[in-house]
Amino acid sequence: MPLPFVPYYTTRIMKSNSKVIKLTGNSYAVLALLEQFGESTSYDIKHAIELSIQNFWPVPHTTAYEEPARLAAAGYLSVRQEEEGRRRRFYSLTEKGHEALAAWAADPEVAPPQLREEAILKVFAGGAPGPLVDSRRAWHEAKREELAAMLREVRESGDSSFAASERTLMTGVGYHQKMLELMDLLMKERDPT
């Protein structure tokens, strides 16, 4: 049986007396992870974010600790705490959490994508693109291979519950491939020889 939840993680949460909260992209990220992986501690959520969502949705590491507490206080998550040992808190989706996530995922409205690319900012600021391309190319190649390896594992598992992960991994592999192609095109435009 879940214990009554008393928020204590941050001052912001401690001062919140309202059970009505605005759900953010990070809220839905936490709900989606718990939907996919089941009951988890904040540490588990942090690790899952690093291996999955962080590849396409930058999330501050504090989200894994603050957001579950906020969602639990509003009734989107239940909390179970160990009675002995480390007394970790385990979070899981409530019916309200499942319904909110399903409604959000089904909504066809999405915000425009955000691109935050320091190399592009440096070029805009007058930096020479050539020296930036080598390090950025290496990063995109490594990330593409990392995601491709994860995609192979998901496909080889044959587990249909990983269908959403398969689609996001395919998107990630394609994104990094297109960024590599764009770099080649930009360098060719700059130096047509």
# chains A, B, ... in the order shown; residues from 1 in each chain; ligands from 1
>>> residues_around(residues="Met170 (chain A)", least_positions_apart="4", cutoff="8 Å", atoms="only C-alpha atoms", output="PyMOL selection string")
chain A and resi 148+151+166+174
>>> write_last_selection(atoms="C-alpha atoms", output="PDB file, in the first residue's frame")
ATOM      1  CA  ALA A 148      22.267   2.004 -33.811  1.00  0.00           C
ATOM      2  CA  LEU A 151      18.323  -0.243 -31.920  1.00  0.00           C
ATOM      3  CA  GLU A 166      12.445   1.301 -31.503  1.00  0.00           C
ATOM      4  CA  GLY A 174      18.369   9.151 -38.767  1.00  0.00           C
TER       5      GLY A 174
END
>>> residues_around(residues="region 63-77 of chain A", least_positions_apart="2", cutoff="6 Å", atoms="only C-alpha atoms", output="list in words")
Pro7, Lys19, Ser42, Ile45, Lys46, Pro60, His61, Ser92, Leu93, Thr94, Lys96 and Gly97 of chain A
>>> closest_residue(among="A:Lys188, A:Pro113, A:Ala103, A:Phe56", to="Leu147 (chain A)", atoms="only C-alpha atoms")
A:Phe56
>>> select_by_dssp(residues="region 10-122 of chain A", states="strand (DSSP E)", output="count of residues only")
10
>>> residues_around(residues="Glu146 (chain A)", least_positions_apart="3", cutoff="12 Å", atoms="only C-alpha atoms", output="PyMOL selection string")
chain A and resi 51-52+55+139-143+149-153+169-170+172-173+176
>>> write_last_selection(atoms="C-alpha atoms", output="PDB file, in the first residue's frame")
ATOM      1  CA  LEU A  51      19.991   6.057 -21.607  1.00  0.00           C
ATOM      2  CA  SER A  52      16.856   7.045 -23.457  1.00  0.00           C
ATOM      3  CA  ASN A  55      19.085  11.491 -26.523  1.00  0.00           C
ATOM      4  CA  TRP A 139      30.425  13.231 -31.889  1.00  0.00           C
ATOM      5  CA  HIS A 140      27.577  12.625 -34.385  1.00  0.00           C
ATOM      6  CA  GLU A 141      29.272   9.462 -35.696  1.00  0.00           C
ATOM      7  CA  ALA A 142      29.747   8.089 -32.174  1.00  0.00           C
ATOM      8  CA  LYS A 143      26.173   8.940 -31.179  1.00  0.00           C
ATOM      9  CA  ALA A 149      23.654  -0.564 -31.347  1.00  0.00           C
ATOM     10  CA  MET A 150      20.742   0.068 -28.990  1.00  0.00           C
ATOM     11  CA  LEU A 151      18.323  -0.243 -31.920  1.00  0.00           C
ATOM     12  CA  ARG A 152      19.843  -3.621 -32.867  1.00  0.00           C
ATOM     13  CA  GLU A 153      19.410  -4.831 -29.266  1.00  0.00           C
ATOM     14  CA  LEU A 169      15.947   5.059 -31.746  1.00  0.00           C
ATOM     15  CA  MET A 170      15.265   4.984 -35.493  1.00  0.00           C
ATOM     16  CA  GLY A 172      17.880   9.281 -33.412  1.00  0.00           C
ATOM     17  CA  VAL A 173      19.962   7.268 -35.865  1.00  0.00           C
ATOM     18  CA  HIS A 176      22.639  11.955 -36.600  1.00  0.00           C
TER      19      HIS A 176
END
>>> atom_distance(atom1="CA of Ala102 (chain A)", atom2="CA of Ala29 (chain A)")
12.3 Å
>>> residues_around(residues="Leu33 (chain A)", least_positions_apart="2", cutoff="9 Å", atoms="only C-alpha atoms", output="VMD selection string")
chain A and resid 28 to 31 35 to 38 45 48 to 49 52 to 53
>>> closest_residue(among="A:Ser157, A:Trp57, A:Thr41, A:Ser27", to="Arg116 (chain A)", atoms="only C-alpha atoms")
A:Trp57
>>> residues_around(residues="Gln81 (chain A)", least_positions_apart="6", cutoff="7 Å", atoms="only C-alpha atoms", output="list in words")
Leu3, Arg87, Arg88, Arg89 and Phe90 of chain A
>>> select_by_dssp(residues="region 8-69 of chain A", states="alpha helix (DSSP H)", output="ChimeraX atom specification")
/A:11-14,25-37,42-51,63-69
>>> atom_distance(atom1="CA of Pro58 (chain A)", atom2="CA of Ser161 (chain A)")
23.7 Å
>>> residues_around(residues="region 118-126 of chain A", least_positions_apart="2", cutoff="12 Å", atoms="only C-alpha atoms", output="list of chain:residue names")
A:Leu115, A:Arg116, A:Ala128, A:Pro129, A:Gly130, A:Pro131, A:Leu132, A:Val133, A:Asp134, A:Ser135, A:Arg136, A:Arg137, A:Trp139, A:Met179, A:Met183, A:Leu186
>>> decode(residues="region 48-172 of chain A", atoms="C-alpha atoms", output="PDB file, in the first residue's frame")
ATOM      1  CA  ALA A  48      16.673   5.659 -17.618  1.00  0.00           C
ATOM      2  CA  ILE A  49      16.649   9.326 -18.691  1.00  0.00           C
ATOM      3  CA  GLU A  50      20.384   9.171 -19.433  1.00  0.00           C
ATOM      4  CA  LEU A  51      19.991   6.057 -21.607  1.00  0.00           C
ATOM      5  CA  SER A  52      16.856   7.045 -23.457  1.00  0.00           C
ATOM      6  CA  ILE A  53      15.060  10.371 -23.326  1.00  0.00           C
ATOM      7  CA  GLN A  54      18.233  12.441 -22.935  1.00  0.00           C
ATOM      8  CA  ASN A  55      19.085  11.491 -26.523  1.00  0.00           C
ATOM      9  CA  PHE A  56      16.217  13.608 -27.861  1.00  0.00           C
ATOM     10  CA  TRP A  57      14.835  15.609 -24.927  1.00  0.00           C
ATOM     11  CA  PRO A  58      17.471  17.336 -22.760  1.00  0.00           C
ATOM     12  CA  VAL A  59      16.445  16.999 -19.130  1.00  0.00           C
ATOM     13  CA  PRO A  60      18.255  18.483 -16.124  1.00  0.00           C
ATOM     14  CA  HIS A  61      19.460  15.660 -13.847  1.00  0.00           C
ATOM     15  CA  THR A  62      17.466  17.148 -10.960  1.00  0.00           C
ATOM     16  CA  THR A  63      14.263  16.271 -12.843  1.00  0.00           C
ATOM     17  CA  ALA A  64      14.608  12.650 -11.759  1.00  0.00           C
ATOM     18  CA  TYR A  65      14.461  13.732  -8.116  1.00  0.00           C
ATOM     19  CA  GLU A  66      12.148  16.765  -8.140  1.00  0.00           C
ATOM     20  CA  GLU A  67       9.544  15.820 -10.742  1.00  0.00           C
ATOM     21  CA  PRO A  68       8.437  12.475  -9.227  1.00  0.00           C
ATOM     22  CA  ALA A  69       7.826  14.222  -5.903  1.00  0.00           C
ATOM     23  CA  ARG A  70       5.794  16.958  -7.623  1.00  0.00           C
ATOM     24  CA  LEU A  71       3.794  14.407  -9.647  1.00  0.00           C
ATOM     25  CA  ALA A  72       3.135  12.277  -6.563  1.00  0.00           C
ATOM     26  CA  ALA A  73       1.887  15.301  -4.598  1.00  0.00           C
ATOM     27  CA  ALA A  74      -0.601  15.949  -7.413  1.00  0.00           C
ATOM     28  CA  GLY A  75      -1.796  12.328  -7.583  1.00  0.00           C
ATOM     29  CA  TYR A  76      -0.181  11.299 -10.880  1.00  0.00           C
ATOM     30  CA  LEU A  77       2.182   8.875  -9.124  1.00  0.00           C
ATOM     31  CA  SER A  78       1.962   6.662  -6.073  1.00  0.00           C
ATOM     32  CA  VAL A  79       4.877   6.295  -3.675  1.00  0.00           C
ATOM     33  CA  ARG A  80       6.051   3.254  -1.779  1.00  0.00           C
ATOM     34  CA  GLN A  81       8.930   3.652   0.667  1.00  0.00           C
ATOM     35  CA  GLU A  82      11.184   0.921   1.989  1.00  0.00           C
ATOM     36  CA  GLU A  83      10.644   0.423   5.693  1.00  0.00           C
ATOM     37  CA  GLU A  84      14.271  -0.470   6.381  1.00  0.00           C
ATOM     38  CA  GLY A  85      17.670  -0.019   4.819  1.00  0.00           C
ATOM     39  CA  ARG A  86      18.063   2.987   2.562  1.00  0.00           C
ATOM     40  CA  ARG A  87      14.328   3.793   2.800  1.00  0.00           C
ATOM     41  CA  ARG A  88      14.206   4.482  -0.917  1.00  0.00           C
ATOM     42  CA  ARG A  89      11.010   5.767  -2.460  1.00  0.00           C
ATOM     43  CA  PHE A  90       9.546   3.825  -5.377  1.00  0.00           C
ATOM     44  CA  TYR A  91       7.254   5.649  -7.764  1.00  0.00           C
ATOM     45  CA  SER A  92       4.621   4.183 -10.054  1.00  0.00           C
ATOM     46  CA  LEU A  93       1.848   5.572 -12.218  1.00  0.00           C
ATOM     47  CA  THR A  94      -1.628   5.990 -10.809  1.00  0.00           C
ATOM     48  CA  GLU A  95      -4.728   5.803 -12.980  1.00  0.00           C
ATOM     49  CA  LYS A  96      -4.647   9.616 -13.132  1.00  0.00           C
ATOM     50  CA  GLY A  97      -1.022   9.411 -14.368  1.00  0.00           C
ATOM     51  CA  HIS A  98      -1.901   6.831 -17.044  1.00  0.00           C
ATOM     52  CA  GLU A  99      -4.838   8.923 -18.240  1.00  0.00           C
ATOM     53  CA  ALA A 100      -2.811  12.164 -18.387  1.00  0.00           C
ATOM     54  CA  LEU A 101       0.002  10.471 -20.316  1.00  0.00           C
ATOM     55  CA  ALA A 102      -2.383   8.785 -22.765  1.00  0.00           C
ATOM     56  CA  ALA A 103      -4.263  12.038 -23.423  1.00  0.00           C
ATOM     57  CA  TRP A 104      -1.040  13.980 -23.954  1.00  0.00           C
ATOM     58  CA  ALA A 105       0.477  11.319 -26.255  1.00  0.00           C
ATOM     59  CA  ALA A 106      -2.729  11.211 -28.339  1.00  0.00           C
ATOM     60  CA  ASP A 107      -2.868  15.008 -28.763  1.00  0.00           C
ATOM     61  CA  PRO A 108      -1.641  15.853 -32.295  1.00  0.00           C
ATOM     62  CA  GLU A 109      -0.518  19.350 -31.234  1.00  0.00           C
ATOM     63  CA  VAL A 110       3.236  19.632 -30.667  1.00  0.00           C
ATOM     64  CA  ALA A 111       5.479  22.597 -29.974  1.00  0.00           C
ATOM     65  CA  PRO A 112       8.024  23.509 -32.650  1.00  0.00           C
ATOM     66  CA  PRO A 113      11.337  21.648 -32.255  1.00  0.00           C
ATOM     67  CA  GLN A 114      14.227  23.443 -30.610  1.00  0.00           C
ATOM     68  CA  LEU A 115      17.741  23.285 -31.944  1.00  0.00           C
ATOM     69  CA  ARG A 116      20.546  24.211 -29.558  1.00  0.00           C
ATOM     70  CA  GLU A 117      23.799  23.605 -31.358  1.00  0.00           C
ATOM     71  CA  GLU A 118      26.867  25.344 -29.978  1.00  0.00           C
ATOM     72  CA  ALA A 119      28.862  24.817 -33.179  1.00  0.00           C
ATOM     73  CA  ILE A 120      26.231  26.717 -35.167  1.00  0.00           C
ATOM     74  CA  LEU A 121      26.223  29.475 -32.562  1.00  0.00           C
ATOM     75  CA  LYS A 122      30.018  29.744 -32.869  1.00  0.00           C
ATOM     76  CA  VAL A 123      29.769  29.998 -36.666  1.00  0.00           C
ATOM     77  CA  PHE A 124      27.119  32.689 -36.243  1.00  0.00           C
ATOM     78  CA  ALA A 125      29.505  34.513 -33.902  1.00  0.00           C
ATOM     79  CA  GLY A 126      32.204  34.492 -36.574  1.00  0.00           C
ATOM     80  CA  GLY A 127      33.987  31.224 -35.842  1.00  0.00           C
ATOM     81  CA  ALA A 128      35.497  29.278 -38.715  1.00  0.00           C
ATOM     82  CA  PRO A 129      33.343  26.211 -39.440  1.00  0.00           C
ATOM     83  CA  GLY A 130      36.258  24.009 -40.548  1.00  0.00           C
ATOM     84  CA  PRO A 131      37.831  23.372 -37.110  1.00  0.00           C
ATOM     85  CA  LEU A 132      34.405  22.790 -35.571  1.00  0.00           C
ATOM     86  CA  VAL A 133      33.422  20.131 -38.078  1.00  0.00           C
ATOM     87  CA  ASP A 134      35.967  17.499 -37.002  1.00  0.00           C
ATOM     88  CA  SER A 135      34.898  17.373 -33.357  1.00  0.00           C
ATOM     89  CA  ARG A 136      31.201  17.664 -34.164  1.00  0.00           C
ATOM     90  CA  ARG A 137      31.464  15.009 -36.889  1.00  0.00           C
ATOM     91  CA  ALA A 138      33.163  12.622 -34.454  1.00  0.00           C
ATOM     92  CA  TRP A 139      30.425  13.231 -31.889  1.00  0.00           C
ATOM     93  CA  HIS A 140      27.577  12.625 -34.385  1.00  0.00           C
ATOM     94  CA  GLU A 141      29.272   9.462 -35.696  1.00  0.00           C
ATOM     95  CA  ALA A 142      29.747   8.089 -32.174  1.00  0.00           C
ATOM     96  CA  LYS A 143      26.173   8.940 -31.179  1.00  0.00           C
ATOM     97  CA  ARG A 144      24.761   7.413 -34.370  1.00  0.00           C
ATOM     98  CA  GLU A 145      26.672   4.181 -33.689  1.00  0.00           C
ATOM     99  CA  GLU A 146      25.626   4.126 -30.028  1.00  0.00           C
ATOM    100  CA  LEU A 147      21.958   4.501 -30.938  1.00  0.00           C
ATOM    101  CA  ALA A 148      22.267   2.004 -33.811  1.00  0.00           C
ATOM    102  CA  ALA A 149      23.654  -0.564 -31.347  1.00  0.00           C
ATOM    103  CA  MET A 150      20.742   0.068 -28.990  1.00  0.00           C
ATOM    104  CA  LEU A 151      18.323  -0.243 -31.920  1.00  0.00           C
ATOM    105  CA  ARG A 152      19.843  -3.621 -32.867  1.00  0.00           C
ATOM    106  CA  GLU A 153      19.410  -4.831 -29.266  1.00  0.00           C
ATOM    107  CA  VAL A 154      15.774  -3.738 -29.190  1.00  0.00           C
ATOM    108  CA  ARG A 155      15.047  -5.438 -32.510  1.00  0.00           C
ATOM    109  CA  GLU A 156      16.889  -8.624 -31.547  1.00  0.00           C
ATOM    110  CA  SER A 157      14.965  -8.851 -28.269  1.00  0.00           C
ATOM    111  CA  GLY A 158      11.728  -9.400 -30.185  1.00  0.00           C
ATOM    112  CA  ASP A 159       9.900  -7.707 -27.293  1.00  0.00           C
ATOM    113  CA  SER A 160       6.909  -5.807 -28.712  1.00  0.00           C
ATOM    114  CA  SER A 161       6.764  -3.613 -25.601  1.00  0.00           C
ATOM    115  CA  PHE A 162       9.839  -1.813 -26.978  1.00  0.00           C
ATOM    116  CA  ALA A 163       8.007  -0.539 -30.083  1.00  0.00           C
ATOM    117  CA  ALA A 164       8.100   3.086 -28.877  1.00  0.00           C
ATOM    118  CA  SER A 165      11.793   2.777 -28.060  1.00  0.00           C
ATOM    119  CA  GLU A 166      12.445   1.301 -31.503  1.00  0.00           C
ATOM    120  CA  ARG A 167      10.755   4.267 -33.203  1.00  0.00           C
ATOM    121  CA  THR A 168      12.651   6.861 -31.163  1.00  0.00           C
ATOM    122  CA  LEU A 169      15.947   5.059 -31.746  1.00  0.00           C
ATOM    123  CA  MET A 170      15.265   4.984 -35.493  1.00  0.00           C
ATOM    124  CA  THR A 171      14.640   8.736 -35.326  1.00  0.00           C
ATOM    125  CA  GLY A 172      17.880   9.281 -33.412  1.00  0.00           C
TER     126      GLY A 172
END
